[in-house]
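Undergrad: Sharing a structure, written as structure tokens. Questions coming.
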Amino acid sequence: MAIKASSSKQIDALIADLGIENAVKRETAVARLTLLGARAVERLIAATASASHANARTAAWRTLEAIGDSRALEPALAALASRDLESSVGVAAIGVARVHLKGAHGAAAVDRLAAVLLDPTRHEAVRLAALRGLRELGATAIAPIVASLADDPSATIRTEAELDAASGPVDDPAALVARAADGHLPDDPTSLRRALKLAAESLSPEDLLKVVDRVREREGSEPAGVRDQWRLPRAAAHLALAQRGSRLALYDLRESLETARGPLPVEFLTAMTLVGDATCLEAIAAARAKALDPWWRKKLAELFRDIVARERLTKRHAALRRIEKRWPGSLQSMADG
């Protein structure tokens, strides 16, 4: 497709905006490039490999997912072959593959997502995204893959697989989640969690944020044991938002870490791995400083390192200086794991 010079300049300018700090301007660029559609595909594909910042590459893949052009599939599958792919970039590339699972080249997409899911050396966030993508094929189709995860070394992956294997069907999951967004929560938090995993893509980020808020309100009114069960669908809603690159509920992720008295559901960490920024680091450091559980301390340190690396922060950054002043030696401790 021939591209006019004026369109070419506009596309280049918008792609440049994918890597800027201003989240609103970045999301505006994603929306405008999506509207440009096929005209922007080749340059977006180039940006997924050439952009210097992970945020820009992630945004480029997210835009390609929204456009849905088949030209993006092969580059996405090629990118997913790399074990060194940043978690946020990998999750976004999986979004492109997911769109084409039932298309003409669906077999290649299924094979690559299955390979990613079954590879214990890949980042948990990327493996979870692969499992979520494969769910598009239906429970029966992926049952053998799910069964093979029963002994997976990752507790996170085992938990997800157990949910897929043990849960029965949910009648109209999209409607259940939509009702939850309107404040009509089901009696069973497990059914909402399951529905979120099946139908979160059908809701807008704004509606998913409403689910986060409604469930948090319900948590606060329940006794401790039941409160923990309601925290699970809130975590699932956070993950659904983060896998879209949305930071709408980032404030709740920070507050959850700051007030946590023990380990949170792993989806909280996965979500923050994908969308957390420098404003989250003090909450992570505070949570680790009071954490007693060795697994939780390790996961918090991994999360801290992931965000620092993705945002390219140095010890001169204001947030890191504040953390070192408040908890001397903590930066080295988290760097060491």
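Following the order of the structure tokens, first chain is A, next is B, and so on, with residues numbered from 1 inside each chain and ligands from 1 in the order they appear.
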Do you know which residues are at most 9 Å from His53 of chain A counting only C-alpha atoms, after dropping those on the same chain fewer than 6 positions away, and could you put them as a ChimeraX atom specification?
TA: /A:19,310-312
Undergrad: Any chance you could export the current selection's N, CA and C atoms as a JSON list (two decimals), in the first residue's frame?
TA:
[["chain", "number", "residue", "atom", "x", "y", "z"],
["A", 19, "GLY", "N", 7.09, 5.90, 22.84],
["A", 19, "GLY", "CA", 8.14, 5.71, 23.83],
["A", 19, "GLY", "C", 8.27, 6.82, 24.85],
["A", 310, "ARG", "N", 13.28, -2.17, 33.38],
["A", 310, "ARG", "CA", 12.40, -1.74, 32.30],
["A", 310, "ARG", "C", 12.36, -0.22, 32.18],
["A", 311, "GLU", "N", 12.35, 0.47, 33.32],
["A", 311, "GLU", "CA", 12.29, 1.93, 33.30],
["A", 311, "GLU", "C", 13.67, 2.58, 33.17],
["A", 312, "ARG", "N", 14.70, 1.74, 33.15],
["A", 312, "ARG", "CA", 16.08, 2.21, 33.00],
["A", 312, "ARG", "C", 16.46, 3.23, 34.07]]
Undergrad: In segment 107-312 of chain A, what's alpha helix (DSSP H) per DSSP? Answer as a VMD selection string?
TA: chain A and resid 107 to 117 124 to 134 139 to 148 155 to 166 173 to 181 189 to 199 205 to 220 224 to 242 250 to 259 266 to 275 281 to 290 294 to 311
Undergrad: Just give me the gap between atom CA of Glu267 of chain A and atom CA of Ala237 of chain A in Å, one decimal is fine.
TA: 8.9 Å
Undergrad: Near segment 129-140 of chain A, counting only C-alpha atoms, which residues have an atom at most 8 Å away, once you skip same-chain residues fewer than 5 positions from it, shown as a PyMOL selection string?
TA: chain A and resi 91+94-95+97-98+101-102+110+113-114+116-117+164+197-198+243
Undergrad: Just how far from atom CA of Leu80 of chain A is atom CA of Ala108 of chain A, in Å to one decimal?
TA: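 Distance between the two atoms: 11.9 Å.
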Undergrad: What is the atom CA of Arg321 of chain A-atom CA of Ala287 of chain A distance in Å, reported with one decimal?
TA: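 Calculated distance between atom CA of Arg321 of chain A and atom CA of Ala287 of chain A is 17.2 Å.
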Undergrad: Would you please work out which residue, of A:Ala76, A:Ala309, A:Leu264, A:Ala319, is nearest to Trp296 of chain A when using only C-alpha atoms?
TA: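 Ranking A:Ala76, A:Ala309, A:Leu264, A:Ala319 by distance to Trp296 of chain A, first place goes to A:Leu264.
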Undergrad: Got a sec: who's within 8 Å of Arg194 of chain A, counting only C-alpha atoms, leaving out chain neighbours fewer than 2 positions off, as an mmCIF file with N, CA and C atoms, in the first residue's frame?
TA:
data_model
loop_
_atom_site.group_PDB
_atom_site.id
_atom_site.type_symbol
_atom_site.label_atom_id
_atom_site.label_comp_id
_atom_site.auth_asym_id
_atom_site.auth_seq_id
_atom_site.Cartn_x
_atom_site.Cartn_y
_atom_site.Cartn_z
ATOM 1 N N LEU A 163 -6.994 -24.054 38.309
ATOM 2 C CA LEU A 163 -8.249 -23.326 38.127
ATOM 3 C C LEU A 163 -8.921 -23.747 36.828
ATOM 4 N N SER A 167 -12.442 -25.870 37.494
ATOM 5 C CA SER A 167 -13.637 -25.035 37.405
ATOM 6 C C SER A 167 -14.592 -25.538 36.338
ATOM 7 N N VAL A 170 -18.847 -21.352 33.245
ATOM 8 C CA VAL A 170 -19.521 -20.184 33.812
ATOM 9 C C VAL A 170 -20.521 -19.693 32.769
ATOM 10 N N PRO A 173 -19.949 -15.575 30.964
ATOM 11 C CA PRO A 173 -18.966 -14.884 31.800
ATOM 12 C C PRO A 173 -18.890 -13.383 31.553
ATOM 13 N N THR A 190 -15.147 -17.121 43.417
ATOM 14 C CA THR A 190 -14.466 -17.983 42.450
ATOM 15 C C THR A 190 -15.091 -17.868 41.071
ATOM 16 N N SER A 191 -16.418 -17.752 41.008
ATOM 17 C CA SER A 191 -17.077 -17.630 39.708
ATOM 18 C C SER A 191 -16.697 -16.325 39.024
ATOM 19 N N LEU A 192 -16.517 -15.257 39.796
ATOM 20 C CA LEU A 192 -16.105 -13.984 39.204
ATOM 21 C C LEU A 192 -14.669 -14.071 38.706
ATOM 22 N N LEU A 196 -13.633 -13.535 34.827
ATOM 23 C CA LEU A 196 -12.644 -12.536 34.418
ATOM 24 C C LEU A 196 -11.587 -13.152 33.508
ATOM 25 N N LYS A 197 -11.187 -14.353 33.819
ATOM 26 C CA LYS A 197 -10.168 -15.004 33.008
ATOM 27 C C LYS A 197 -10.710 -15.375 31.625
ATOM 28 N N LEU A 198 -12.013 -15.609 31.552
ATOM 29 C CA LEU A 198 -12.613 -16.022 30.289
ATOM 30 C C LEU A 198 -13.060 -14.846 29.430
ATOM 31 N N PRO A 233 -10.375 -12.439 42.749
ATOM 32 C CA PRO A 233 -10.906 -11.804 41.529
ATOM 33 C C PRO A 233 -10.392 -10.381 41.329
#
Undergrad: Here is a test: counting only C-alpha atoms, which residue of A:Ala40, A:Glu160, A:Ala155, A:Arg234 is nearest to Trp295 of chain A?
TA: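 Nearest candidate to Trp295 of chain A out of A:Ala40, A:Glu160, A:Ala155, A:Arg234: A:Ala155.
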Undergrad: Mind checking which residues fall within 8 Å of Val212 of chain A, counting only C-alpha atoms, ignoring those fewer than 3 positions away in the same chain, and posting them as a ChimeraX atom specification?
TA: /A:208-209,215-216,234,237-238,249
Undergrad: Deliver the residues from the most recent selection as a file, using C-alpha atoms, as an mmCIF file, in the first residue's frame.
TA:
data_model
loop_
_atom_site.group_PDB
_atom_site.id
_atom_site.type_symbol
_atom_site.label_atom_id
_atom_site.label_comp_id
_atom_site.auth_asym_id
_atom_site.auth_seq_id
_atom_site.Cartn_x
_atom_site.Cartn_y
_atom_site.Cartn_z
ATOM 1 C CA LEU A 208 -12.389 -3.492 34.653
ATOM 2 C CA LEU A 209 -11.372 -0.630 36.921
ATOM 3 C CA VAL A 215 -14.447 -5.987 44.756
ATOM 4 C CA ARG A 216 -12.179 -3.939 47.013
ATOM 5 C CA ARG A 234 -9.528 -8.329 42.228
ATOM 6 C CA ALA A 237 -9.001 -7.851 37.176
ATOM 7 C CA HIS A 238 -5.645 -6.171 37.794
ATOM 8 C CA ALA A 249 -5.602 0.802 38.592
#
Undergrad: Skip Leu185 of chain A itself and residues of its chain fewer than 2 positions away, then list as a ChimeraX atom specification all residues within 9 Å of it, counting only C-alpha atoms.
TA: /A:176-177,179-183,187-189,192,211,214-215,218
Undergrad: Go ahead and write the selection's residues with C-alpha atoms as a compact mmCIF listing (two decimals), in the first residue's frame.
TA:
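Saved the output as part07.txt:
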# COMPACT_ATOMS: atom_id res chain seq x y z
CA LEU A 176 -21.29 -11.79 34.94
CA VAL A 177 -18.29 -9.45 34.80
CA ARG A 179 -22.84 -6.99 36.29
CA ALA A 180 -19.92 -6.92 38.71
CA ALA A 181 -18.72 -3.67 37.15
CA ASP A 182 -22.18 -2.24 37.83
CA GLY A 183 -21.90 -3.26 41.48
CA ASP A 187 -22.12 -14.62 45.84
CA ASP A 188 -19.16 -16.77 44.85
CA PRO A 189 -15.85 -14.95 44.29
CA LEU A 192 -16.11 -13.98 39.20
CA VAL A 211 -14.61 -4.30 39.03
CA ARG A 214 -16.35 -2.91 43.63
CA VAL A 215 -14.45 -5.99 44.76
CA ARG A 218 -16.61 -6.06 49.19
